[in-house]
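query-v5.txt follows; it contains compact mmCIF, C-alpha atoms and all ligand atoms.
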```
# COMPACT_ATOMS: atom_id res chain seq x y z
CA MET A 1 23.58 61.25 -69.32
CA SER A 2 20.56 60.69 -67.08
CA LYS A 3 19.18 57.21 -66.34
CA LYS A 4 15.93 55.87 -64.93
CA ILE A 5 15.25 53.51 -62.06
CA PHE A 6 11.94 52.31 -60.60
CA ILE A 7 11.92 51.97 -56.81
CA ASP A 8 8.70 50.50 -55.38
CA GLY A 9 7.03 51.46 -58.66
CA ARG A 10 8.18 55.08 -58.46
CA GLU A 11 10.10 56.34 -61.50
CA ILE A 12 13.26 58.20 -60.52
CA THR A 13 15.70 59.91 -62.86
CA PHE A 14 19.32 60.14 -61.73
CA GLU A 15 22.73 61.10 -63.07
CA GLY A 16 26.24 59.80 -62.47
CA ASN A 17 27.49 56.68 -60.70
CA LYS A 18 25.19 56.17 -57.77
CA THR A 19 24.15 53.06 -55.88
CA VAL A 20 20.53 52.07 -55.33
CA LEU A 21 20.91 53.02 -51.65
CA GLN A 22 22.16 56.51 -52.51
CA ILE A 23 19.33 57.10 -54.98
CA ALA A 24 16.73 55.80 -52.52
CA ARG A 25 18.04 58.08 -49.72
CA GLU A 26 18.19 61.12 -51.98
CA ASN A 27 14.52 60.51 -52.74
CA GLY A 28 13.34 59.90 -49.19
CA ILE A 29 12.91 56.11 -49.52
CA TYR A 30 13.88 54.18 -46.37
CA ILE A 31 16.37 51.35 -46.73
CA PRO A 32 18.21 50.54 -43.48
CA SER A 33 21.99 50.17 -43.48
CA LEU A 34 24.44 49.40 -40.70
CA CYS A 35 27.89 48.69 -42.15
CA TYR A 36 27.49 51.36 -44.86
CA HIS A 37 28.49 54.94 -44.12
CA PRO A 38 28.60 57.58 -46.88
CA LYS A 39 32.17 58.50 -45.92
CA LEU A 40 33.38 54.89 -46.17
CA GLY A 41 31.37 53.57 -49.10
CA PRO A 42 29.81 50.11 -49.45
CA ALA A 43 31.02 47.23 -47.32
CA SER A 44 28.20 44.72 -48.06
CA LYS A 45 28.78 43.00 -44.72
CA CYS A 46 25.63 43.30 -42.64
CA ARG A 47 23.11 42.64 -45.46
CA VAL A 48 20.41 44.70 -43.77
CA CYS A 49 20.02 46.86 -46.90
CA VAL A 50 18.85 43.99 -49.14
CA VAL A 51 16.30 44.70 -51.89
CA GLU A 52 14.59 42.61 -54.57
CA VAL A 53 15.43 43.35 -58.21
CA GLU A 54 13.29 42.19 -61.14
CA GLY A 55 15.21 39.58 -63.15
CA MET A 56 17.81 38.90 -60.43
CA ARG A 57 17.60 35.67 -58.44
CA GLY A 58 18.91 36.46 -54.97
CA LEU A 59 18.35 39.53 -52.82
CA GLN A 60 20.82 42.30 -53.61
CA THR A 61 22.62 44.68 -51.22
CA ALA A 62 21.44 48.19 -52.11
CA CYS A 63 24.65 49.78 -50.76
CA SER A 64 26.74 48.17 -53.50
CA LEU A 65 24.20 47.76 -56.33
CA MET A 66 24.87 50.01 -59.33
CA PRO A 67 21.56 50.28 -61.20
CA ALA A 68 21.23 49.56 -64.90
CA ASP A 69 18.98 51.90 -66.89
CA GLY A 70 15.34 50.97 -66.22
CA MET A 71 16.10 48.65 -63.28
CA LYS A 72 13.05 47.74 -61.16
CA VAL A 73 13.74 47.57 -57.41
CA GLN A 74 11.40 46.62 -54.54
CA THR A 75 12.40 47.64 -51.01
CA ASP A 76 9.47 46.25 -49.01
CA THR A 77 8.35 42.83 -50.33
CA PRO A 78 7.67 40.11 -47.70
CA ARG A 79 10.91 38.38 -48.77
CA VAL A 80 12.95 41.56 -48.22
CA ILE A 81 11.32 42.35 -44.87
CA GLU A 82 11.82 38.78 -43.63
CA ALA A 83 15.50 38.82 -44.57
CA ARG A 84 16.05 42.21 -42.93
CA LYS A 85 14.23 41.21 -39.76
CA MET A 86 16.41 38.13 -39.50
CA VAL A 87 19.60 40.25 -39.76
CA VAL A 88 18.39 42.75 -37.15
CA ASN A 89 17.24 39.94 -34.86
CA LEU A 90 20.58 38.15 -35.08
CA LEU A 91 22.50 41.36 -34.36
CA LEU A 92 20.27 42.23 -31.42
CA SER A 93 20.52 38.69 -30.06
CA ASN A 94 24.29 38.54 -30.26
CA GLY A 95 24.81 41.37 -27.79
CA ASN A 96 23.65 43.04 -24.66
CA HIS A 97 21.24 45.63 -26.03
CA ASN A 98 19.48 47.29 -23.16
CA CYS A 99 18.45 50.50 -24.85
CA ILE A 100 17.07 52.12 -21.68
CA SER A 101 20.51 52.66 -20.19
CA CYS A 102 22.48 52.96 -23.44
CA GLU A 103 24.18 56.25 -24.34
CA ALA A 104 23.20 55.72 -27.99
CA ASN A 105 19.48 55.52 -27.20
CA GLY A 106 17.70 57.71 -29.76
CA ASP A 107 20.77 57.96 -31.97
CA CYS A 108 21.38 54.30 -32.83
CA GLU A 109 21.02 52.82 -36.30
CA LEU A 110 20.33 49.31 -34.97
CA GLN A 111 17.61 50.59 -32.65
CA GLU A 112 16.11 52.52 -35.58
CA ALA A 113 16.12 49.40 -37.80
CA ALA A 114 14.51 47.33 -35.00
CA TYR A 115 11.87 50.01 -34.45
CA LYS A 116 11.08 50.34 -38.16
CA HIS A 117 10.64 46.56 -38.41
CA GLY A 118 8.54 46.19 -35.27
CA ILE A 119 11.10 44.13 -33.32
CA GLU A 120 10.49 44.65 -29.61
CA VAL A 121 12.63 41.85 -28.20
CA PRO A 122 15.27 39.76 -29.99
CA ALA A 123 13.99 36.46 -31.35
CA PHE A 124 17.00 34.52 -30.05
CA LEU A 125 19.01 34.52 -26.86
CA VAL A 126 22.82 34.44 -26.96
CA GLU A 127 24.84 34.93 -23.77
CA ARG A 128 27.45 37.63 -24.14
CA SER A 129 29.28 39.40 -21.35
CA GLU A 130 32.59 40.89 -22.40
CA LYS A 131 34.40 43.45 -20.27
CA ARG A 132 33.95 47.11 -21.10
CA ASP A 133 37.19 48.89 -21.90
CA ASP A 134 37.32 52.03 -19.79
CA SER A 135 41.07 52.58 -20.08
CA ALA A 136 41.18 55.43 -22.60
CA ALA A 137 40.95 59.11 -21.70
CA PHE A 138 37.95 60.05 -23.83
CA ILE A 139 36.42 56.86 -25.28
CA MET A 140 34.56 53.99 -23.61
CA ARG A 141 34.33 50.71 -25.57
CA ASP A 142 31.53 48.21 -24.91
CA PRO A 143 32.08 45.06 -27.02
CA ASN A 144 28.69 43.74 -25.87
CA LYS A 145 26.99 46.32 -28.07
CA CYS A 146 29.32 45.90 -31.06
CA ILE A 147 27.64 44.57 -34.21
CA GLN A 148 30.97 44.03 -35.99
CA CYS A 149 30.09 46.30 -38.86
CA GLY A 150 33.76 47.27 -39.28
CA ARG A 151 33.09 50.99 -39.71
CA CYS A 152 35.46 51.95 -36.87
CA ILE A 153 38.21 49.77 -38.34
CA GLU A 154 37.83 51.22 -41.81
CA GLY A 155 37.76 54.77 -40.41
CA CYS A 156 40.84 54.28 -38.23
CA ASN A 157 42.84 52.56 -40.96
CA SER A 158 41.73 54.26 -44.18
CA MET A 159 40.39 57.68 -43.17
CA VAL A 160 42.63 58.88 -40.34
CA VAL A 161 45.33 56.26 -41.08
CA ASN A 162 46.20 55.64 -37.44
CA GLU A 163 45.97 51.86 -37.99
CA VAL A 164 45.05 50.95 -34.43
CA LEU A 165 41.89 48.87 -34.86
CA ASP A 166 41.26 45.46 -36.40
CA PHE A 167 39.11 42.39 -35.88
CA GLY A 168 40.63 39.86 -33.49
CA TYR A 169 39.77 36.25 -32.61
CA ARG A 170 37.52 34.00 -34.72
CA GLY A 171 33.87 32.98 -35.32
CA GLY A 172 31.54 33.82 -32.47
CA HIS A 173 34.44 35.30 -30.48
CA THR A 174 35.30 37.87 -33.14
CA THR A 175 35.71 41.30 -31.61
CA VAL A 176 37.36 44.64 -32.39
CA VAL A 177 40.85 44.91 -30.89
CA CYS A 178 43.35 47.76 -30.48
CA ASP A 179 46.87 46.98 -31.72
CA LYS A 180 47.65 43.42 -30.55
CA ASN A 181 44.64 43.37 -28.22
CA SER A 182 45.78 46.08 -25.80
CA PRO A 183 43.34 48.14 -23.74
CA MET A 184 42.64 51.26 -25.76
CA GLY A 185 44.33 53.50 -23.17
CA GLU A 186 47.57 51.53 -23.55
CA SER A 187 47.42 51.28 -27.34
CA THR A 188 48.72 53.60 -30.05
CA CYS A 189 45.27 55.21 -30.30
CA VAL A 190 45.52 59.02 -30.42
CA GLN A 191 41.89 59.52 -29.28
CA CYS A 192 40.85 61.37 -32.41
CA GLY A 193 37.32 59.98 -31.98
CA GLU A 194 36.85 59.15 -35.67
CA CYS A 195 35.76 55.61 -34.75
CA VAL A 196 33.20 56.92 -32.26
CA GLN A 197 31.61 59.17 -34.84
CA LEU A 198 31.39 56.28 -37.31
CA CYS A 199 30.01 53.69 -34.89
CA PRO A 200 26.31 53.12 -35.66
CA VAL A 201 25.48 51.87 -32.15
CA GLY A 202 26.54 52.41 -28.54
CA ALA A 203 29.70 50.28 -28.68
CA LEU A 204 31.99 53.33 -28.81
CA VAL A 205 30.97 56.21 -26.60
CA GLU A 206 32.48 59.55 -25.69
CA LYS A 207 33.10 59.56 -21.97
CA LYS A 208 32.73 63.29 -21.44
CA GLY A 209 29.04 63.31 -22.33
CA MET A 210 28.08 60.07 -20.56
CA GLY A 211 25.00 60.38 -18.38
CA LYS A 212 24.58 64.07 -19.16
CA ALA A 213 21.92 64.15 -21.88
CA ARG A 214 19.89 61.96 -24.21
CA SER A 215 20.46 62.73 -27.88
CA TRP A 216 16.98 64.25 -28.27
CA GLU A 217 17.60 66.64 -25.35
CA THR A 218 20.46 68.44 -27.06
CA LYS A 219 20.30 71.37 -29.44
CA LYS A 220 22.59 70.94 -32.46
CA VAL A 221 24.61 74.07 -33.21
CA ARG A 222 26.84 74.37 -36.30
CA THR A 223 30.09 76.25 -35.75
CA THR A 224 33.76 76.51 -36.73
CA CYS A 225 36.44 74.98 -34.50
CA PRO A 226 38.34 77.76 -32.70
CA TYR A 227 41.63 75.88 -32.31
CA CYS A 228 43.54 76.48 -35.54
CA GLY A 229 43.27 78.18 -38.91
CA VAL A 230 41.99 75.08 -40.78
CA GLY A 231 38.41 76.03 -39.90
CA CYS A 232 36.94 72.54 -39.32
CA GLN A 233 33.14 72.48 -39.26
CA GLN A 234 31.66 71.22 -36.03
CA GLU A 235 28.24 70.36 -34.66
CA LEU A 236 27.95 71.16 -30.96
CA HIS A 237 25.40 69.13 -29.00
CA VAL A 238 24.31 71.55 -26.29
CA LYS A 239 22.01 71.11 -23.29
CA GLY A 240 21.24 74.36 -21.50
CA ASP A 241 24.57 76.20 -21.51
CA GLU A 242 26.67 73.03 -21.52
CA ILE A 243 28.38 71.32 -24.45
CA ILE A 244 27.65 67.58 -24.14
CA ARG A 245 29.67 66.47 -27.17
CA ILE A 246 31.13 67.72 -30.45
CA LYS A 247 30.86 65.98 -33.81
CA GLY A 248 32.46 66.82 -37.14
CA VAL A 249 29.94 67.80 -39.82
CA ASP A 250 29.91 64.90 -42.30
CA GLY A 251 30.30 66.03 -45.89
CA ALA A 252 31.24 69.64 -45.01
CA GLN A 253 34.50 71.17 -46.13
CA PRO A 254 37.30 71.39 -45.17
CA ASN A 255 37.24 68.50 -42.68
CA GLN A 256 34.48 66.23 -44.06
CA GLY A 257 33.47 65.15 -40.57
CA HIS A 258 36.99 64.52 -39.22
CA LEU A 259 38.21 66.33 -36.09
CA CYS A 260 41.44 66.12 -34.13
CA VAL A 261 41.56 65.30 -30.42
CA LYS A 262 41.67 68.99 -29.43
CA GLY A 263 38.76 70.02 -31.63
CA ARG A 264 36.61 67.10 -30.50
CA TYR A 265 37.35 66.90 -26.79
CA GLY A 266 39.30 70.03 -25.75
CA TYR A 267 36.37 72.38 -25.22
CA ASP A 268 36.46 72.75 -21.40
CA PHE A 269 38.51 75.94 -21.68
CA ILE A 270 35.40 77.87 -22.65
CA TYR A 271 34.14 77.52 -19.07
CA SER A 272 37.43 78.58 -17.45
CA LYS A 273 37.20 81.49 -15.03
CA GLU A 274 40.80 82.35 -15.99
CA ARG A 275 39.92 83.30 -19.57
CA LEU A 276 41.01 86.84 -20.49
CA THR A 277 38.09 89.04 -21.37
CA SER A 278 40.05 92.29 -21.84
CA PRO A 279 43.71 93.23 -22.59
CA LEU A 280 46.14 93.33 -19.65
CA ILE A 281 48.94 95.91 -19.36
CA LYS A 282 51.91 95.37 -17.05
CA ASP A 283 52.51 98.53 -15.02
CA ALA A 284 55.85 99.81 -13.67
CA ASP A 285 55.31 97.79 -10.47
CA GLY A 286 55.26 94.58 -12.55
CA LYS A 287 51.57 93.87 -11.95
CA PHE A 288 48.98 93.40 -14.66
CA ARG A 289 45.93 95.63 -14.82
CA GLU A 290 42.94 95.47 -17.13
CA ALA A 291 42.92 97.97 -20.00
CA GLY A 292 40.77 98.93 -22.98
CA TRP A 293 41.70 97.92 -26.55
CA ASP A 294 42.57 101.52 -27.60
CA GLU A 295 45.00 101.92 -24.72
CA ALA A 296 46.62 98.51 -25.35
CA LEU A 297 47.01 99.01 -29.11
CA ASP A 298 48.38 102.56 -28.61
CA LEU A 299 50.94 101.16 -26.18
CA VAL A 300 52.12 98.49 -28.67
CA ALA A 301 52.30 101.03 -31.55
CA ASN A 302 54.30 103.50 -29.44
CA LYS A 303 56.72 100.77 -28.30
CA PHE A 304 57.25 99.72 -31.93
CA LYS A 305 57.97 103.35 -32.90
CA GLN A 306 60.40 103.74 -30.03
CA ILE A 307 62.34 100.55 -30.97
CA LEU A 308 62.39 101.60 -34.64
CA GLN A 309 63.91 104.97 -33.76
CA GLU A 310 66.44 103.59 -31.30
CA SER A 311 67.52 100.32 -33.01
CA GLY A 312 66.04 100.09 -36.52
CA PRO A 313 63.47 97.69 -38.04
CA ASP A 314 65.52 94.49 -37.65
CA ALA A 315 65.25 94.85 -33.89
CA ILE A 316 61.60 93.81 -34.22
CA ALA A 317 60.37 90.30 -35.07
CA GLY A 318 56.90 88.83 -35.43
CA VAL A 319 55.54 85.29 -35.04
CA SER A 320 52.11 84.69 -36.51
CA CYS A 321 49.74 82.28 -34.75
CA ALA A 322 48.48 79.01 -36.22
CA ARG A 323 45.03 79.80 -34.85
CA SER A 324 44.80 82.75 -37.24
CA ILE A 325 43.25 82.41 -40.65
CA ASN A 326 45.52 82.67 -43.73
CA GLU A 327 44.33 86.19 -44.46
CA ASP A 328 45.37 87.42 -40.99
CA SER A 329 48.80 85.80 -41.35
CA TYR A 330 49.15 87.46 -44.76
CA ASN A 331 48.24 90.84 -43.25
CA MET A 332 50.76 90.37 -40.46
CA GLN A 333 53.67 89.68 -42.81
CA LYS A 334 52.56 92.67 -44.91
CA LEU A 335 52.66 94.86 -41.77
CA PHE A 336 56.14 93.65 -40.89
CA ARG A 337 57.64 93.82 -44.39
CA SER A 338 55.95 96.97 -45.75
CA VAL A 339 55.23 99.09 -42.67
CA ILE A 340 57.92 98.14 -40.17
CA GLY A 341 60.46 97.25 -42.85
CA THR A 342 61.87 93.91 -41.71
CA ASN A 343 61.77 90.33 -42.98
CA ASN A 344 61.84 89.05 -39.39
CA ILE A 345 58.50 87.32 -39.68
CA ASP A 346 57.70 83.67 -38.98
CA HIS A 347 54.81 81.35 -38.13
CA CYS A 348 54.53 79.14 -35.04
CA ALA A 349 53.48 76.08 -37.09
CA ARG A 350 56.94 76.12 -38.75
CA THR A 351 58.90 75.58 -35.54
S1 LIG A 401 23.52 50.00 -29.12
FE1 LIG A 401 21.54 50.65 -29.95
S2 LIG A 401 20.30 48.82 -29.92
FE2 LIG A 401 22.04 48.45 -28.59
S3 LIG A 401 21.37 49.07 -26.55
FE3 LIG A 401 22.30 50.85 -27.46
S4 LIG A 401 20.60 51.97 -28.37
FE4 LIG A 401 19.89 49.89 -28.02
S1 LIG A 402 40.21 57.27 -31.64
FE1 LIG A 402 41.18 57.55 -33.68
S2 LIG A 402 43.18 56.54 -33.47
FE2 LIG A 402 41.93 55.81 -31.76
S3 LIG A 402 41.03 53.91 -32.48
FE3 LIG A 402 39.54 55.54 -32.92
S4 LIG A 402 39.98 56.21 -35.03
FE4 LIG A 402 41.76 55.02 -34.31
S1 LIG A 403 32.67 49.18 -32.44
FE1 LIG A 403 30.96 50.15 -33.54
S2 LIG A 403 31.84 50.74 -35.53
FE2 LIG A 403 33.24 49.26 -34.62
S3 LIG A 403 32.65 47.29 -35.45
FE3 LIG A 403 31.57 47.54 -33.49
S4 LIG A 403 29.61 48.44 -34.01
FE4 LIG A 403 30.92 48.70 -35.80
```
Structure encoded using structure tokens:
Amino acid sequence: MSKKIFIDGREITFEGNKTVLQIARENGIYIPSLCYHPKLGPASKCRVCVVEVEGMRGLQTACSLMPADGMKVQTDTPRVIEARKMVVNLLLSNGNHNCISCEANGDCELQEAAYKHGIEVPAFLVERSEKRDDSAAFIMRDPNKCIQCGRCIEGCNSMVVNEVLDFGYRGGHTTVVCDKNSPMGESTCVQCGECVQLCPVGALVEKKGMGKARSWETKKVRTTCPYCGVGCQQELHVKGDEIIRIKGVDGAQPNQGHLCVKGRYGYDFIYSKERLTSPLIKDADGKFREAGWDEALDLVANKFKQILQESGPDAIAGVSCARSINEDSYNMQKLFRSVIGTNNIDHCART
């Protein structure tokens, strides 16, 4: 059954269980959010998404507010803007936010909220100089830019269930820690990068792309990960001919934005000069030479025929590759069972 909501006087019809923030975004109405991420759901921590609702006393967090039929919401009253500006100011003040040299510049939700609310410099000054954690292979952590939204923690614990991250210490010293406060490189972190993708600011950064390109300089190219048969959807950030970083495509099947360490960071092989570009056949002298596909496939077919004649079908075995799609693996077992005549067929992912 459809319901109605009025946002800034605009009548919007919606269906299903949606929050005010979701409805506003679907209809192009700007409400900032920092701790909320569509993949994680409402957290109601940062309070930057507050709105005013007719008949309700205090300001309400749009990320968690389920609208009643006919609800009247205002997103830009002086009271709302003042409250939001205070949140953004406090977050900017409690950190070292020098956007000029930050990797997240141009792709930062805090910077965007500050820009939209006309905040050029933080209203308060709080000293903060924590050490950057450079110990991990692919991820650099800068606690001075962390706004303690908790998205990385939720992602690590509830989405990828690696359970590495948590908040440590208390009050003004609260910070994100790995395990029992180990450097990330010495922790149980598997470098899947889920936390980096969820971080709204420059507190978690992929090392491989550091200093190589600003976010607006890269072309975004949608593709399928070449590593295995799952077919995860990726967005390549490319400058010239170089991949700067890879992100999972949020909301797309089958991976819904998640990637493993290989899919996210293991792309250097595409530049390797040692990549095979044509089949190689080993000659009688034991040396490989380049060959065409027809010659290589004829050679394999003739060898199969020869083994079949000399030793029978059970002298041949096949192992299908986990990089192949299901249909190719199906075809391979069909070839072995129906054409060659053996059940000696297996899959590398089973070993
Ligand atoms: S994290 Fe965002 S707000 Fe902070 S310095 Fe980087 S770009 Fe600026
Ligand atoms: S990289 Fe993955 S395992 Fe490591 S802290 Fe981030 S989400 Fe957890
Ligand atoms: S590191 Fe990033 S995602 Fe994690 S709490 Fe800090 S700002 Fe949020």
A:Asp346, A:Glu26, A:Glu54, A:Glu109 ranked by distance to A:Ile316, top pick (using only C-alpha atoms):
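For A:Ile316, the nearest of the given residues is A:Asp346.
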Which of these, A:Lys334, A:Lys72, A:Arg141, A:Lys305, has the shortest distance to ligand LIG 401 (chain A) once you count only C-alpha atoms and all ligand atoms?
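Selected residue with least distance to ligand LIG 401 (chain A): A:Arg141.
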Find the residues near ligand LIG 401 (chain A). Use a cut-off of 8 Å, count all atoms listed in the file, and write them as a VMD selection string.
chain A and resid 92 95 to 112 114 145 to 146 200 to 203
What residues of the protein or nucleic acid chains come within 7 Å of ligand LIG 403 (chain A) when you use only C-alpha atoms and all ligand atoms? Reply as an mmCIF file with C-alpha atoms, in the coordinates of the input.
```
data_model
loop_
_atom_site.group_PDB
_atom_site.id
_atom_site.type_symbol
_atom_site.label_atom_id
_atom_site.label_comp_id
_atom_site.auth_asym_id
_atom_site.auth_seq_id
_atom_site.Cartn_x
_atom_site.Cartn_y
_atom_site.Cartn_z
ATOM 1 C CA PRO A 143 32.080 45.060 -27.020
ATOM 2 C CA LYS A 145 26.990 46.320 -28.070
ATOM 3 C CA CYS A 146 29.320 45.900 -31.060
ATOM 4 C CA ILE A 147 27.640 44.570 -34.210
ATOM 5 C CA GLN A 148 30.970 44.030 -35.990
ATOM 6 C CA CYS A 149 30.090 46.300 -38.860
ATOM 7 C CA GLY A 150 33.760 47.270 -39.280
ATOM 8 C CA ARG A 151 33.090 50.990 -39.710
ATOM 9 C CA CYS A 152 35.460 51.950 -36.870
ATOM 10 C CA ILE A 153 38.210 49.770 -38.340
ATOM 11 C CA VAL A 176 37.360 44.640 -32.390
ATOM 12 C CA CYS A 195 35.760 55.610 -34.750
ATOM 13 C CA LEU A 198 31.390 56.280 -37.310
ATOM 14 C CA CYS A 199 30.010 53.690 -34.890
ATOM 15 C CA PRO A 200 26.310 53.120 -35.660
ATOM 16 C CA VAL A 201 25.480 51.870 -32.150
ATOM 17 C CA ALA A 203 29.700 50.280 -28.680
ATOM 18 C CA LEU A 204 31.990 53.330 -28.810
#
```
Give me, as a list in words, all polymer residues having an atom no more than 12 Å from A:Thr277, counting all atoms listed in the file and skipping those fewer than 6 positions away in the same chain.
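Contacts, with the query itself left out: Ile270, Glu290, Ala291, Gly292 and Trp293 of chain A.
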Find the residue from A:Gln233, A:Thr342, A:Thr188, A:Ser2 that sits nearest to ligand LIG 402 (chain A); use only C-alpha atoms and all ligand atoms when measuring.
A:Thr188
Could you check which residues have any atom within 12 Å of (24.4, 59.4, -61.8), counting all atoms listed in the file with coordinates taken straight from the file, and then list them as a ChimeraX atom specification?
/A:1-5,12-20,22-23,26,66-69
Atoms to include: C-alpha atoms. Write the selected residues as a short mmCIF file (atom, residue, chain, number, x, y, z; two decimals), in the coordinates of the input.
```cif
data_model
loop_
_atom_site.label_atom_id
_atom_site.label_comp_id
_atom_site.auth_asym_id
_atom_site.auth_seq_id
_atom_site.Cartn_x
_atom_site.Cartn_y
_atom_site.Cartn_z
CA MET A 1 23.58 61.25 -69.32
CA SER A 2 20.56 60.69 -67.08
CA LYS A 3 19.18 57.21 -66.34
CA LYS A 4 15.93 55.87 -64.93
CA ILE A 5 15.25 53.51 -62.06
CA ILE A 12 13.26 58.20 -60.52
CA THR A 13 15.70 59.91 -62.86
CA PHE A 14 19.32 60.14 -61.73
CA GLU A 15 22.73 61.10 -63.07
CA GLY A 16 26.24 59.80 -62.47
CA ASN A 17 27.49 56.68 -60.70
CA LYS A 18 25.19 56.17 -57.77
CA THR A 19 24.15 53.06 -55.88
CA VAL A 20 20.53 52.07 -55.33
CA GLN A 22 22.16 56.51 -52.51
CA ILE A 23 19.33 57.10 -54.98
CA GLU A 26 18.19 61.12 -51.98
CA MET A 66 24.87 50.01 -59.33
CA PRO A 67 21.56 50.28 -61.20
CA ALA A 68 21.23 49.56 -64.90
CA ASP A 69 18.98 51.90 -66.89
#
```
Residues at most 6 Å from stretch 28-33 of chain A, counting all atoms listed in the file, excluding those fewer than 2 positions away in the same chain, as a PDB file with C-alpha atoms, in the coordinates of the input?
```pdb
ATOM      1  CA  ALA A  24      16.730  55.800 -52.520  1.00  0.00           C
ATOM      2  CA  ARG A  25      18.040  58.080 -49.720  1.00  0.00           C
ATOM      3  CA  GLU A  26      18.190  61.120 -51.980  1.00  0.00           C
ATOM      4  CA  TYR A  36      27.490  51.360 -44.860  1.00  0.00           C
ATOM      5  CA  VAL A  48      20.410  44.700 -43.770  1.00  0.00           C
ATOM      6  CA  CYS A  49      20.020  46.860 -46.900  1.00  0.00           C
TER       7      CYS A  49
END
```
Excluding stretch 123-133 of chain A and its own-chain neighbours fewer than 6 positions away, which residues fall within 9 Å of it when counting only C-alpha atoms? Please give them as a ChimeraX atom specification.
/A:86,89-90,92-96,139-144,183-185
Using only C-alpha atoms and all ligand atoms, which residues of the polymer chains come no farther than 7 Å from ligand LIG 402 (chain A)? I'd like the answer as a PyMOL selection string.
chain A and resi 152+155-156+160+162-165+178+189-196
From the set A:Gln234, A:Ser64, A:Ser215, A:Ser135, which residue has the shortest atom-to-atom contact distance to A:Arg264, counting all atoms listed in the file?
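Comparing A:Gln234, A:Ser64, A:Ser215, A:Ser135 against A:Arg264, the winner is A:Gln234.
Atom pair atom CA of A:Lys116 / atom CA of A:Val73 has a distance of 19.6 Å (rounded to one decimal).
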If you count only C-alpha atoms, which residues fall within 8 Å of A:Lys208, apart from same-chain ones fewer than 2 positions away, as a PDB file with C-alpha atoms, keeping the file's coordinate frame?
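Output contents, as saved in selection.pdb:
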```pdb
ATOM      1  CA  PHE A 138      37.950  60.050 -23.830  1.00  0.00           C
ATOM      2  CA  GLU A 206      32.480  59.550 -25.690  1.00  0.00           C
ATOM      3  CA  MET A 210      28.080  60.070 -20.560  1.00  0.00           C
ATOM      4  CA  ILE A 244      27.650  67.580 -24.140  1.00  0.00           C
ATOM      5  CA  ARG A 245      29.670  66.470 -27.170  1.00  0.00           C
ATOM      6  CA  TYR A 265      37.350  66.900 -26.790  1.00  0.00           C
TER       7      TYR A 265
END
```
Atom CA of A:Lys247 and atom CA of A:Arg323 are how many Å apart?
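Pair atom CA of A:Lys247 / atom CA of A:Arg323 returns 19.8 Å.
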Near A:Gly58, within 12 Å and counting only C-alpha atoms, which residues show up once chain neighbours fewer than 4 positions away are dropped, as a ChimeraX atom specification?
/A:50-54,79-80,83
Selected residue of minimal separation from A:Ser278 among A:Val339, A:Cys232, A:Ala296, A:Leu21, counting all atoms listed in the file
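Residue with the minimum atom-to-atom distance to A:Ser278: A:Ala296.
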Pairwise distance for atom CA of A:Lys220 and atom CA of A:Ile246, rounded to one decimal in Å
9.3 Å
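The shortest atom-to-atom distance to A:His37, with only C-alpha atoms taken into account, belongs to A:Gly251 out of A:Gly286, A:Pro279, A:Gly341, A:Gly251.
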Take stretch 179-186 of chain A from the preceding structure and save N, CA, C and O atoms as a short mmCIF file (atom, residue, chain, number, x, y, z; two decimals), in the first residue's frame.
```cif
data_model
loop_
_atom_site.label_atom_id
_atom_site.label_comp_id
_atom_site.auth_asym_id
_atom_site.auth_seq_id
_atom_site.Cartn_x
_atom_site.Cartn_y
_atom_site.Cartn_z
N ASP A 179 42.26 -5.59 16.75
CA ASP A 179 42.41 -6.60 17.81
C ASP A 179 42.54 -5.90 19.17
O ASP A 179 41.74 -5.06 19.50
N LYS A 180 43.63 -6.25 19.92
CA LYS A 180 43.80 -5.58 21.22
C LYS A 180 44.77 -4.42 21.08
O LYS A 180 45.77 -4.32 21.78
N ASN A 181 44.50 -3.56 20.10
CA ASN A 181 45.32 -2.38 19.81
C ASN A 181 46.67 -2.74 19.21
O ASN A 181 47.70 -2.20 19.63
N SER A 182 46.66 -3.66 18.25
CA SER A 182 47.89 -3.97 17.51
C SER A 182 47.97 -3.07 16.29
O SER A 182 46.94 -2.63 15.78
N PRO A 183 49.18 -2.84 15.76
CA PRO A 183 49.26 -2.21 14.44
C PRO A 183 48.52 -3.11 13.44
O PRO A 183 48.54 -4.34 13.59
N MET A 184 47.88 -2.50 12.45
CA MET A 184 47.07 -3.31 11.54
C MET A 184 47.88 -4.44 10.89
O MET A 184 47.40 -5.56 10.72
N GLY A 185 49.12 -4.15 10.54
CA GLY A 185 49.96 -5.15 9.87
C GLY A 185 50.30 -6.34 10.76
O GLY A 185 50.74 -7.39 10.26
N GLU A 186 50.14 -6.19 12.07
CA GLU A 186 50.42 -7.31 12.98
C GLU A 186 49.14 -7.90 13.55
O GLU A 186 49.16 -8.75 14.44
#
```
